[in-house]
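**Q** Here you go, query.cif (mmCIF, C-alpha atoms and all ligand atoms):
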data_input
#
loop_
_atom_site.group_PDB
_atom_site.id
_atom_site.type_symbol
_atom_site.label_atom_id
_atom_site.label_comp_id
_atom_site.auth_asym_id
_atom_site.auth_seq_id
_atom_site.Cartn_x
_atom_site.Cartn_y
_atom_site.Cartn_z
ATOM 1 C CA MET G 1459 0.000 0.000 0.000
ATOM 2 C CA GLU G 1460 1.428 3.339 -0.999
ATOM 3 C CA VAL G 1461 0.371 6.463 0.909
ATOM 4 C CA ILE G 1462 1.089 9.821 -0.733
ATOM 5 C CA ILE G 1463 0.434 13.137 0.975
ATOM 6 C CA LYS G 1464 -0.056 16.182 -1.218
ATOM 7 C CA GLU G 1465 -0.046 19.709 0.167
ATOM 8 C CA THR G 1466 -3.435 20.812 -1.208
ATOM 9 C CA PRO G 1467 -6.730 19.259 -2.357
ATOM 10 C CA GLU G 1468 -5.954 20.483 -5.887
ATOM 11 C CA GLN G 1469 -2.648 18.605 -5.929
ATOM 12 C CA MET G 1470 -4.384 15.500 -4.576
ATOM 13 C CA ALA G 1471 -6.961 15.748 -7.366
ATOM 14 C CA ARG G 1472 -4.299 16.252 -10.029
ATOM 15 C CA LEU G 1473 -2.287 13.215 -8.946
ATOM 16 C CA GLY G 1474 -5.501 11.153 -8.743
ATOM 17 C CA ALA G 1475 -6.370 12.161 -12.305
ATOM 18 C CA GLU G 1476 -2.834 11.439 -13.538
ATOM 19 C CA LEU G 1477 -2.947 7.933 -12.094
ATOM 20 C CA ILE G 1478 -6.341 7.250 -13.706
ATOM 21 C CA ALA G 1479 -5.212 8.744 -17.035
ATOM 22 C CA GLU G 1480 -2.133 6.517 -16.990
ATOM 23 C CA VAL G 1481 -4.380 3.442 -16.839
ATOM 24 C CA VAL G 1482 -6.544 4.766 -19.704
ATOM 25 C CA ARG G 1483 -3.481 5.508 -21.854
ATOM 26 C CA ARG G 1484 -1.825 2.155 -21.257
ATOM 27 C CA LYS G 1485 -5.020 0.158 -21.706
ATOM 28 C CA PRO G 1486 -7.593 2.061 -23.787
ATOM 29 C CA LYS G 1487 -10.076 -0.788 -23.307
ATOM 30 C CA CYS G 1488 -9.781 -0.527 -19.542
ATOM 31 C CA VAL G 1489 -12.512 -1.040 -16.962
ATOM 32 C CA LEU G 1490 -12.694 1.805 -14.464
ATOM 33 C CA GLY G 1491 -14.501 1.632 -11.145
ATOM 34 C CA LEU G 1492 -15.780 5.118 -10.319
ATOM 35 C CA ALA G 1493 -16.951 6.901 -7.189
ATOM 36 C CA THR G 1494 -19.215 9.809 -6.283
ATOM 37 C CA GLY G 1495 -19.122 12.362 -3.432
ATOM 38 C CA SER G 1496 -17.343 15.693 -3.141
ATOM 39 C CA THR G 1497 -13.829 14.260 -3.248
ATOM 40 C CA PRO G 1498 -13.657 12.946 -6.838
ATOM 41 C CA VAL G 1499 -15.267 16.030 -8.416
ATOM 42 C CA SER G 1500 -11.992 17.892 -8.904
ATOM 43 C CA THR G 1501 -10.298 14.712 -10.134
ATOM 44 C CA TYR G 1502 -13.068 14.344 -12.731
ATOM 45 C CA ARG G 1503 -12.629 18.004 -13.682
ATOM 46 C CA GLU G 1504 -8.940 17.320 -14.347
ATOM 47 C CA LEU G 1505 -9.787 14.220 -16.426
ATOM 48 C CA ILE G 1506 -12.213 16.346 -18.476
ATOM 49 C CA ARG G 1507 -9.439 18.873 -19.022
ATOM 50 C CA MET G 1508 -7.096 16.091 -20.153
ATOM 51 C CA HIS G 1509 -9.764 14.807 -22.526
ATOM 52 C CA LYS G 1510 -10.386 18.248 -24.027
ATOM 53 C CA ASN G 1511 -6.819 19.564 -24.132
ATOM 54 C CA GLU G 1512 -4.697 16.441 -24.406
ATOM 55 C CA GLY G 1513 -7.018 14.076 -26.251
ATOM 56 C CA LEU G 1514 -7.328 11.579 -23.394
ATOM 57 C CA ASP G 1515 -9.574 9.000 -25.048
ATOM 58 C CA PHE G 1516 -12.297 7.192 -23.097
ATOM 59 C CA SER G 1517 -14.084 5.814 -26.171
ATOM 60 C CA ARG G 1518 -13.153 2.199 -25.455
ATOM 61 C CA ALA G 1519 -13.301 2.362 -21.656
ATOM 62 C CA THR G 1520 -16.008 0.718 -19.577
ATOM 63 C CA THR G 1521 -17.089 2.105 -16.213
ATOM 64 C CA PHE G 1522 -18.814 0.707 -13.133
ATOM 65 C CA ASN G 1523 -19.901 2.969 -10.311
ATOM 66 C CA LEU G 1524 -19.690 1.878 -6.717
ATOM 67 C CA ASP G 1525 -23.152 2.698 -5.483
ATOM 68 C CA GLU G 1526 -26.530 4.399 -5.819
ATOM 69 C CA TYR G 1527 -29.321 5.451 -3.460
ATOM 70 C CA VAL G 1528 -32.377 3.197 -3.451
ATOM 71 C CA GLY G 1529 -35.517 5.017 -4.579
ATOM 72 C CA LEU G 1530 -33.927 7.919 -6.472
ATOM 73 C CA ALA G 1531 -34.740 8.040 -10.190
ATOM 74 C CA HIS G 1532 -31.896 8.583 -12.632
ATOM 75 C CA GLU G 1533 -33.066 12.170 -13.234
ATOM 76 C CA HIS G 1534 -33.131 13.042 -9.509
ATOM 77 C CA ASP G 1535 -30.458 15.674 -8.999
ATOM 78 C CA GLN G 1536 -29.032 13.789 -6.005
ATOM 79 C CA SER G 1537 -28.926 10.403 -7.698
ATOM 80 C CA TYR G 1538 -25.479 9.112 -8.514
ATOM 81 C CA HIS G 1539 -26.599 8.590 -12.117
ATOM 82 C CA PHE G 1540 -27.235 12.314 -12.375
ATOM 83 C CA PHE G 1541 -23.995 13.115 -10.561
ATOM 84 C CA MET G 1542 -21.885 10.994 -12.909
ATOM 85 C CA TRP G 1543 -23.423 12.387 -16.093
ATOM 86 C CA GLU G 1544 -23.099 15.979 -14.878
ATOM 87 C CA ASN G 1545 -19.608 15.699 -13.429
ATOM 88 C CA LEU G 1546 -17.939 13.390 -15.920
ATOM 89 C CA PHE G 1547 -19.713 11.313 -18.558
ATOM 90 C CA LYS G 1548 -21.355 14.207 -20.429
ATOM 91 C CA GLN G 1549 -18.012 15.901 -20.830
ATOM 92 C CA ILE G 1550 -15.830 13.040 -22.048
ATOM 93 C CA ASN G 1551 -16.187 10.631 -24.953
ATOM 94 C CA VAL G 1552 -17.199 7.542 -23.002
ATOM 95 C CA ASN G 1553 -19.683 5.332 -24.869
ATOM 96 C CA PRO G 1554 -22.986 5.496 -22.906
ATOM 97 C CA LYS G 1555 -23.413 1.766 -23.579
ATOM 98 C CA ASN G 1556 -20.258 1.090 -21.556
ATOM 99 C CA VAL G 1557 -21.376 3.047 -18.494
ATOM 100 C CA HIS G 1558 -22.807 1.214 -15.476
ATOM 101 C CA VAL G 1559 -24.297 2.801 -12.361
ATOM 102 C CA PRO G 1560 -26.379 0.647 -9.983
ATOM 103 C CA ASP G 1561 -30.108 1.123 -10.558
ATOM 104 C CA GLY G 1562 -31.699 2.485 -7.412
ATOM 105 C CA MET G 1563 -35.131 1.967 -8.988
ATOM 106 C CA ALA G 1564 -34.618 -1.759 -9.720
ATOM 107 C CA LYS G 1565 -37.779 -3.729 -8.934
ATOM 108 C CA ASP G 1566 -35.888 -6.840 -7.882
ATOM 109 C CA ILE G 1567 -32.828 -5.517 -6.093
ATOM 110 C CA PRO G 1568 -31.140 -8.868 -5.268
ATOM 111 C CA ALA G 1569 -31.479 -9.920 -8.945
ATOM 112 C CA PHE G 1570 -30.109 -6.566 -10.045
ATOM 113 C CA CYS G 1571 -27.115 -6.936 -7.694
ATOM 114 C CA ARG G 1572 -26.315 -10.386 -9.104
ATOM 115 C CA TRP G 1573 -26.571 -8.972 -12.634
ATOM 116 C CA TYR G 1574 -24.224 -6.093 -11.736
ATOM 117 C CA GLU G 1575 -21.591 -8.508 -10.414
ATOM 118 C CA GLU G 1576 -21.938 -10.587 -13.594
ATOM 119 C CA GLN G 1577 -21.444 -7.516 -15.793
ATOM 120 C CA ILE G 1578 -18.189 -6.676 -14.003
ATOM 121 C CA VAL G 1579 -16.910 -10.219 -14.601
ATOM 122 C CA LYS G 1580 -18.106 -10.153 -18.228
ATOM 123 C CA ALA G 1581 -16.229 -6.879 -18.800
ATOM 124 C CA GLY G 1582 -13.037 -8.604 -17.633
ATOM 125 C CA GLY G 1583 -12.948 -7.258 -14.073
ATOM 126 C CA ILE G 1584 -12.122 -3.762 -12.856
ATOM 127 C CA ASP G 1585 -8.619 -2.519 -13.703
ATOM 128 C CA LEU G 1586 -8.659 0.470 -11.368
ATOM 129 C CA GLN G 1587 -11.223 1.210 -8.667
ATOM 130 C CA LEU G 1588 -11.424 4.798 -7.460
ATOM 131 C CA LEU G 1589 -12.579 5.163 -3.843
ATOM 132 C CA GLY G 1590 -13.512 7.925 -1.447
ATOM 133 C CA ILE G 1591 -13.730 7.331 2.290
ATOM 134 C CA GLY G 1592 -16.492 8.239 4.724
ATOM 135 C CA SER G 1593 -15.739 10.026 7.968
ATOM 136 C CA ASN G 1594 -16.789 6.715 9.579
ATOM 137 C CA GLY G 1595 -14.303 4.769 7.449
ATOM 138 C CA HIS G 1596 -16.801 3.427 4.944
ATOM 139 C CA ILE G 1597 -15.855 2.651 1.348
ATOM 140 C CA ALA G 1598 -18.705 2.928 -1.135
ATOM 141 C CA PHE G 1599 -21.724 2.406 1.163
ATOM 142 C CA ASN G 1600 -20.085 -0.431 3.068
ATOM 143 C CA GLU G 1601 -20.749 0.966 6.497
ATOM 144 C CA PRO G 1602 -18.900 -0.088 9.686
ATOM 145 C CA GLY G 1603 -19.720 -3.708 10.458
ATOM 146 C CA SER G 1604 -20.056 -4.688 6.772
ATOM 147 C CA SER G 1605 -18.710 -8.113 5.922
ATOM 148 C CA LEU G 1606 -15.191 -7.775 4.576
ATOM 149 C CA GLY G 1607 -16.128 -10.402 1.956
ATOM 150 C CA SER G 1608 -19.421 -8.788 0.921
ATOM 151 C CA ARG G 1609 -20.667 -8.538 -2.669
ATOM 152 C CA THR G 1610 -23.005 -6.030 -4.353
ATOM 153 C CA ARG G 1611 -26.157 -5.742 -2.234
ATOM 154 C CA VAL G 1612 -28.518 -3.319 -0.524
ATOM 155 C CA LYS G 1613 -27.253 -1.642 2.655
ATOM 156 C CA THR G 1614 -28.880 0.511 5.310
ATOM 157 C CA LEU G 1615 -27.022 3.797 5.562
ATOM 158 C CA ASP G 1616 -25.393 4.758 8.834
ATOM 159 C CA GLU G 1617 -26.900 7.768 10.577
ATOM 160 C CA ARG G 1618 -23.457 9.425 10.362
ATOM 161 C CA THR G 1619 -23.399 8.908 6.595
ATOM 162 C CA ARG G 1620 -26.921 10.276 6.268
ATOM 163 C CA ALA G 1621 -25.926 13.310 8.343
ATOM 164 C CA ASP G 1622 -22.734 13.799 6.245
ATOM 165 C CA ASN G 1623 -24.799 13.679 3.044
ATOM 166 C CA ALA G 1624 -27.705 15.774 4.338
ATOM 167 C CA ARG G 1625 -25.942 18.880 2.967
ATOM 168 C CA PHE G 1626 -26.988 17.786 -0.537
ATOM 169 C CA PHE G 1627 -30.696 17.449 0.349
ATOM 170 C CA LYS G 1628 -33.325 19.935 1.535
ATOM 171 C CA SER G 1629 -33.676 18.153 4.861
ATOM 172 C CA MET G 1630 -32.405 15.079 6.701
ATOM 173 C CA ASN G 1631 -35.791 13.414 6.028
ATOM 174 C CA GLU G 1632 -35.100 13.425 2.313
ATOM 175 C CA VAL G 1633 -31.781 11.583 2.627
ATOM 176 C CA PRO G 1634 -32.411 8.011 1.467
ATOM 177 C CA LYS G 1635 -32.079 5.266 4.049
ATOM 178 C CA TYR G 1636 -30.848 2.526 1.725
ATOM 179 C CA ALA G 1637 -28.345 2.179 -1.065
ATOM 180 C CA ILE G 1638 -27.147 -0.450 -3.501
ATOM 181 C CA THR G 1639 -23.407 -0.794 -3.117
ATOM 182 C CA MET G 1640 -20.601 -2.922 -4.443
ATOM 183 C CA GLY G 1641 -19.400 -5.112 -1.612
ATOM 184 C CA ILE G 1642 -15.987 -5.002 -0.014
ATOM 185 C CA GLY G 1643 -15.192 -8.302 -1.731
ATOM 186 C CA THR G 1644 -16.239 -6.786 -5.059
ATOM 187 C CA ILE G 1645 -13.952 -3.784 -4.493
ATOM 188 C CA MET G 1646 -11.036 -6.002 -3.443
ATOM 189 C CA ASP G 1647 -11.330 -7.950 -6.712
ATOM 190 C CA ALA G 1648 -10.247 -4.840 -8.648
ATOM 191 C CA ARG G 1649 -6.671 -5.125 -9.910
ATOM 192 C CA GLN G 1650 -5.734 -1.750 -8.441
ATOM 193 C CA LEU G 1651 -7.252 0.622 -5.896
ATOM 194 C CA LEU G 1652 -6.921 4.385 -5.682
ATOM 195 C CA LEU G 1653 -8.376 5.960 -2.536
ATOM 196 C CA LEU G 1654 -8.588 9.757 -2.346
ATOM 197 C CA ALA G 1655 -9.197 11.690 0.863
ATOM 198 C CA SER G 1656 -9.391 15.405 1.452
ATOM 199 C CA GLY G 1657 -10.066 17.576 4.489
ATOM 200 C CA ALA G 1658 -9.790 17.382 8.266
ATOM 201 C CA GLY G 1659 -13.071 15.468 8.524
ATOM 202 C CA LYS G 1660 -11.300 12.435 7.073
ATOM 203 C CA ALA G 1661 -8.175 12.597 9.261
ATOM 204 C CA GLU G 1662 -9.280 10.022 11.815
ATOM 205 C CA ALA G 1663 -10.564 7.578 9.194
ATOM 206 C CA ILE G 1664 -7.330 7.944 7.208
ATOM 207 C CA GLN G 1665 -5.166 7.347 10.277
ATOM 208 C CA LYS G 1666 -7.067 4.140 11.038
ATOM 209 C CA THR G 1667 -7.009 3.063 7.381
ATOM 210 C CA CYS G 1668 -3.256 3.507 7.007
ATOM 211 C CA GLU G 1669 -2.002 2.643 10.473
ATOM 212 C CA GLY G 1670 -4.758 0.843 12.377
ATOM 213 C CA PRO G 1671 -5.656 -2.834 12.556
ATOM 214 C CA ILE G 1672 -7.847 -4.295 9.818
ATOM 215 C CA THR G 1673 -11.406 -4.347 11.079
ATOM 216 C CA ALA G 1674 -14.915 -4.440 9.675
ATOM 217 C CA MET G 1675 -15.622 -1.502 11.997
ATOM 218 C CA VAL G 1676 -13.464 0.626 9.676
ATOM 219 C CA PRO G 1677 -14.131 -0.970 6.282
ATOM 220 C CA ALA G 1678 -11.438 1.065 4.483
ATOM 221 C CA THR G 1679 -8.756 -0.756 6.518
ATOM 222 C CA ILE G 1680 -9.241 -3.729 4.151
ATOM 223 C CA VAL G 1681 -7.231 -1.759 1.596
ATOM 224 C CA GLN G 1682 -4.132 -2.853 3.579
ATOM 225 C CA LEU G 1683 -4.663 -6.355 2.183
ATOM 226 C CA HIS G 1684 -4.742 -5.242 -1.446
ATOM 227 C CA PRO G 1685 -1.502 -5.874 -3.362
ATOM 228 C CA LYS G 1686 -1.813 -2.711 -5.486
ATOM 229 C CA ALA G 1687 -3.410 0.091 -3.526
ATOM 230 C CA VAL G 1688 -2.542 3.768 -3.471
ATOM 231 C CA ILE G 1689 -3.972 6.277 -0.995
ATOM 232 C CA VAL G 1690 -3.596 9.943 -1.920
ATOM 233 C CA THR G 1691 -4.566 12.517 0.693
ATOM 234 C CA ASP G 1692 -4.182 16.228 1.118
ATOM 235 C CA LYS G 1693 -2.379 17.615 4.158
ATOM 236 C CA ALA G 1694 -5.558 18.165 6.182
ATOM 237 C CA ALA G 1695 -6.652 14.533 5.865
ATOM 238 C CA ALA G 1696 -3.161 13.384 6.839
ATOM 239 C CA VAL G 1697 -2.722 15.332 10.108
ATOM 240 C CA LYS G 1698 -3.291 12.309 12.345
ATOM 241 C CA LEU G 1699 -0.837 10.012 10.566
ATOM 242 C CA THR G 1700 2.120 9.152 12.785
ATOM 243 C CA ARG G 1701 4.591 7.856 10.200
ATOM 244 C CA GLU G 1702 6.403 9.722 7.417
ATOM 245 C CA TYR G 1703 4.938 9.468 3.923
ATOM 246 C CA PRO G 1704 6.226 10.864 0.625
ATOM 247 C CA ALA G 1705 4.627 13.597 -1.461
ATOM 248 C CA GLU G 1706 5.356 11.801 -4.734
ATOM 249 C CA PRO G 1707 4.758 8.211 -5.800
ATOM 250 C CA ARG G 1708 7.920 6.208 -5.068
ATOM 251 C CA VAL G 1709 7.122 3.760 -7.810
ATOM 252 C CA LEU G 1710 4.210 4.183 -10.132
ATOM 253 C CA VAL G 1711 2.360 1.138 -8.852
ATOM 254 C CA LEU G 1712 -0.703 1.878 -10.934
ATOM 255 C CA GLN G 1713 -0.467 0.959 -14.587
HETATM 256 P P1 LIG K 1801 -17.159 12.735 0.145
HETATM 257 O O1 LIG K 1801 -17.695 11.243 0.415
HETATM 258 O O2 LIG K 1801 -16.191 12.624 -0.979
HETATM 259 O O3 LIG K 1801 -18.369 13.514 -0.217
HETATM 260 O O4 LIG K 1801 -16.517 13.180 1.415
HETATM 261 C C1 LIG K 1801 -16.816 10.169 0.409
HETATM 262 C C2 LIG K 1801 -17.533 8.918 0.845
HETATM 263 O O5 LIG K 1801 -18.478 9.000 1.651
HETATM 264 O O6 LIG K 1801 -17.133 7.831 0.394
#
So that I can check it, write out the structure of this file as structure tokens.
Ligand code: PGA
**A**
Amino acid sequence: MEVIIKETPEQMARLGAELIAEVVRRKPKCVLGLATGSTPVSTYRELIRMHKNEGLDFSRATTFNLDEYVGLAHEHDQSYHFFMWENLFKQINVNPKNVHVPDGMAKDIPAFCRWYEEQIVKAGGIDLQLLGIGSNGHIAFNEPGSSLGSRTRVKTLDERTRADNARFFKSMNEVPKYAITMGIGTIMDARQLLLLASGAGKAEAIQKTCEGPITAMVPATIVQLHPKAVIVTDKAAAVKLTREYPAEPRVLVLQ
């Protein structure tokens, strides 16, 4: 596991985008696992810039998103479908047929989850999975206590997660209670992981993820078991780390 601390959120975003772009350049037919939330927005902005100014080509890439709220239609402005189209897909040349976001309106959710897992396998598996981290240490919507071997399924959101995400809704009551999420086992099957964290609110979760024992109570700690994982944080998210970490990748583990 490689931990890299950048001075600012902008530098974190730029390095995140460079690492993703490297995968796209080396393997144009790559499968990218994508994430939502505030953290990846600036990384997506940088990827859009690379597409527009440097010709970064997503036309053969396939994408799978980590999660989606149950009960929000694709057009709902807080759905992750909407988020992904607004913040990335609309502005790059990805083929809409190759884009996958869990369907929060699926009638038969367990069947949908099985189908989603099958599509990932059929696409050849995820080459690079982008991750954020919750202030409670969740990855995707795998809340504390989630099975470390879990697969795509429906999860009840933690009250802390609902409170963290309430800022995007008119009131706490409107924040969905359930989500479809890739499981921790699904995420760990990706060939490479890239976890981004920004801001003081993530400092405790990042300290536990990088330096604490592996526990289902902090799902992100599972990343320690992945053979090719990179964590990029900004300075604020790194304040509780006790060991020294570099500001540049020592070896470019992602490829
Ligand atoms: P954030 O969410 O990027 O909005 O902080 C990250 C997460 O909850 O995984």
**Q** Residues within 9 Å of G:Leu1473, please, as a VMD selection string. Count all atoms listed in the file; anything in the same chain fewer than 2 positions from it doesn't count.
**A** chain G and resid 1464 1468 to 1471 1475 to 1478 1501 1690 1706
**Q** Export C-alpha atoms of the chosen residues as an mmCIF file, keeping the file's coordinate frame?
**A**
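Result saved to again.cif:
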data_model
loop_
_atom_site.group_PDB
_atom_site.id
_atom_site.type_symbol
_atom_site.label_atom_id
_atom_site.label_comp_id
_atom_site.auth_asym_id
_atom_site.auth_seq_id
_atom_site.Cartn_x
_atom_site.Cartn_y
_atom_site.Cartn_z
ATOM 1 C CA LYS G 1464 -0.056 16.182 -1.218
ATOM 2 C CA GLU G 1468 -5.954 20.483 -5.887
ATOM 3 C CA GLN G 1469 -2.648 18.605 -5.929
ATOM 4 C CA MET G 1470 -4.384 15.500 -4.576
ATOM 5 C CA ALA G 1471 -6.961 15.748 -7.366
ATOM 6 C CA ALA G 1475 -6.370 12.161 -12.305
ATOM 7 C CA GLU G 1476 -2.834 11.439 -13.538
ATOM 8 C CA LEU G 1477 -2.947 7.933 -12.094
ATOM 9 C CA ILE G 1478 -6.341 7.250 -13.706
ATOM 10 C CA THR G 1501 -10.298 14.712 -10.134
ATOM 11 C CA VAL G 1690 -3.596 9.943 -1.920
ATOM 12 C CA GLU G 1706 5.356 11.801 -4.734
#
**Q** Report the residues retrieved by the PyMOL selection byres (((chain G and resi 1633) around 12) and not hetatm) from the displayed file, expressed as a list in words.
**A**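 Residues picked by the PyMOL selection byres (((chain G and resi 1633) around 12) and not hetatm): Tyr1527, Val1528, Gly1529, Leu1530, Gln1536, Ser1537, Thr1614, Leu1615, Asp1616, Glu1617, Arg1618, Thr1619, Arg1620, Ala1621, Asp1622, Asn1623, Ala1624, Arg1625, Phe1626, Phe1627, Lys1628, Ser1629, Met1630, Asn1631, Glu1632, Pro1634, Lys1635, Tyr1636 and Ala1637 of chain G.
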**Q** Let me see the file: selected residues, C-alpha atoms, as a tab-separated table (two decimals), in the frame of the given file.
**A**
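Output file selection.tsv is given in full below:
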chain	number	residue	atom	x	y	z
G	1527	TYR	CA	-29.32	5.45	-3.46
G	1528	VAL	CA	-32.38	3.20	-3.45
G	1529	GLY	CA	-35.52	5.02	-4.58
G	1530	LEU	CA	-33.93	7.92	-6.47
G	1536	GLN	CA	-29.03	13.79	-6.00
G	1537	SER	CA	-28.93	10.40	-7.70
G	1614	THR	CA	-28.88	0.51	5.31
G	1615	LEU	CA	-27.02	3.80	5.56
G	1616	ASP	CA	-25.39	4.76	8.83
G	1617	GLU	CA	-26.90	7.77	10.58
G	1618	ARG	CA	-23.46	9.43	10.36
G	1619	THR	CA	-23.40	8.91	6.60
G	1620	ARG	CA	-26.92	10.28	6.27
G	1621	ALA	CA	-25.93	13.31	8.34
G	1622	ASP	CA	-22.73	13.80	6.24
G	1623	ASN	CA	-24.80	13.68	3.04
G	1624	ALA	CA	-27.70	15.77	4.34
G	1625	ARG	CA	-25.94	18.88	2.97
G	1626	PHE	CA	-26.99	17.79	-0.54
G	1627	PHE	CA	-30.70	17.45	0.35
G	1628	LYS	CA	-33.33	19.93	1.54
G	1629	SER	CA	-33.68	18.15	4.86
G	1630	MET	CA	-32.40	15.08	6.70
G	1631	ASN	CA	-35.79	13.41	6.03
G	1632	GLU	CA	-35.10	13.42	2.31
G	1634	PRO	CA	-32.41	8.01	1.47
G	1635	LYS	CA	-32.08	5.27	4.05
G	1636	TYR	CA	-30.85	2.53	1.72
G	1637	ALA	CA	-28.34	2.18	-1.06
**Q** Determine the residue set returned by the PyMOL selection byres (((not hetatm)) within 9 of (chain K and resi 1801)) for the present structure, and present it as a list of chain:residue names.
**A**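 Applied to this file, the PyMOL selection byres (((not hetatm)) within 9 of (chain K and resi 1801)) selects G:Ala1493, G:Thr1494, G:Gly1495, G:Ser1496, G:Thr1497, G:Pro1498, G:Val1499, G:Leu1589, G:Gly1590, G:Ile1591, G:Gly1592, G:Ser1593, G:Asn1594, G:Gly1595, G:His1596, G:Ile1597, G:Ala1598, G:Phe1599, G:Thr1619, G:Asp1622, G:Asn1623, G:Leu1654, G:Ala1655, G:Ser1656, G:Gly1657, G:Gly1659, G:Lys1660.
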**Q** So which residues touch G:Leu1586 within 6 Å, counting only C-alpha atoms, skipping near sequence neighbours fewer than 3 positions away, as a list of chain:residue names?
**A**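 Near G:Leu1586, the qualifying residues are G:Leu1490, G:Gly1491, G:Gln1650, G:Leu1651.
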**Q** Can you write just those residues out, C-alpha atoms, as a PDB file, keeping the file's coordinate frame?
**A**
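selection19.pdb, written as the output of this step:
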ATOM      1  CA  LEU G1490     -12.694   1.805 -14.464  1.00  0.00           C
ATOM      2  CA  GLY G1491     -14.501   1.632 -11.145  1.00  0.00           C
ATOM      3  CA  GLN G1650      -5.734  -1.750  -8.441  1.00  0.00           C
ATOM      4  CA  LEU G1651      -7.252   0.622  -5.896  1.00  0.00           C
TER       5      LEU G1651
END
**Q** Enter the distance from atom CA of G:Leu1588 to atom CA of G:Arg1572, in Å, rounded to one decimal.
**A**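 Those two atoms sit 21.3 Å apart.
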**Q** In Å, with one decimal, what is the gap from atom CA of G:His1509 to atom CA of G:Glu1465?
**A**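 Interatomic distance here is 25.2 Å.
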**Q** Apply the PyMOL selection byres (((chain G and resi 1523) around 6) and not hetatm) to the structure shown and report the selected residues as a compact mmCIF listing (two decimals) with C-alpha atoms, in the coordinates of the input.
**A**
# COMPACT_ATOMS: atom_id res chain seq x y z
CA GLY G 1491 -14.50 1.63 -11.14
CA LEU G 1492 -15.78 5.12 -10.32
CA ALA G 1493 -16.95 6.90 -7.19
CA PHE G 1522 -18.81 0.71 -13.13
CA LEU G 1524 -19.69 1.88 -6.72
CA ASP G 1525 -23.15 2.70 -5.48
CA VAL G 1559 -24.30 2.80 -12.36
**Q** Which residues are close to G:Met1459, i.e. within 9 Å by all atoms listed in the file, leaving aside same-chain residues fewer than 5 positions away? Reply as a ChimeraX atom specification.
**A** /G:1668,1681-1689
**Q** Restrict the selected residues to C-alpha atoms and save them as a PDB file, in the coordinates of the input.
**A**
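As a result, selection04.pdb now contains:
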ATOM      1  CA  CYS G1668      -3.256   3.507   7.007  1.00  0.00           C
ATOM      2  CA  VAL G1681      -7.231  -1.759   1.596  1.00  0.00           C
ATOM      3  CA  GLN G1682      -4.132  -2.853   3.579  1.00  0.00           C
ATOM      4  CA  LEU G1683      -4.663  -6.355   2.183  1.00  0.00           C
ATOM      5  CA  HIS G1684      -4.742  -5.242  -1.446  1.00  0.00           C
ATOM      6  CA  PRO G1685      -1.502  -5.874  -3.362  1.00  0.00           C
ATOM      7  CA  LYS G1686      -1.813  -2.711  -5.486  1.00  0.00           C
ATOM      8  CA  ALA G1687      -3.410   0.091  -3.526  1.00  0.00           C
ATOM      9  CA  VAL G1688      -2.542   3.768  -3.471  1.00  0.00           C
ATOM     10  CA  ILE G1689      -3.972   6.277  -0.995  1.00  0.00           C
TER      11      ILE G1689
END
**Q** Tell me which of G:Ile1672, G:Leu1546, G:Val1489, G:Val1482 sits closest to G:Ile1578, counting all atoms listed in the file.
**A**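 Of G:Ile1672, G:Leu1546, G:Val1489, G:Val1482, the one nearest G:Ile1578, counting all atoms listed in the file, is G:Val1489.
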**Q** What does the distance from atom CA of G:Leu1699 to atom CA of G:Gln1665 come to in Å, to one decimal?
**A** 5.1 Å
**Q** Would you please work out which residue, of G:Asp1535, G:Glu1526, G:Glu1504, G:Glu1601, is nearest to G:Met1563 when using all atoms listed in the file?
**A**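 With all atoms listed in the file as the atom set, the closest residue is G:Glu1526.
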**Q** Could you check the closest approach to G:Ala1678 for each of G:Gln1549, G:Ser1605, G:Ser1500, G:Thr1466 and tell me which residue wins, using all atoms listed in the file?
**A**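 Going through G:Gln1549, G:Ser1605, G:Ser1500, G:Thr1466 one by one, the smallest distance to G:Ala1678 is for G:Ser1605.
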**Q** Nearest to G:Ile1550 among G:Ile1506, G:Cys1488, G:Ala1564, G:Ile1680, with distances taken over all atoms listed in the file: which residue is it?
**A** G:Ile1506
**Q** Nearest to G:Thr1691: which of G:Cys1571, G:Ala1658, G:Ile1638, G:Pro1671 is it, counting only C-alpha atoms?
**A**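 Nearest to G:Thr1691: G:Ala1658.
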**Q** Quick one: of G:Arg1503, G:Ala1694, G:Ala1569, G:Ala1531, who's nearest to G:Lys1548, counting only C-alpha atoms?
**A**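 Residue with the minimum atom-to-atom distance to G:Lys1548: G:Arg1503.
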**Q** For the point (-14.9, -9.9, -1.8) in the file's frame, write as a PyMOL selection string all residues with an atom no more than 8 Å away, counting all atoms listed in the file.
**A** chain G and resi 1606-1609+1641-1647
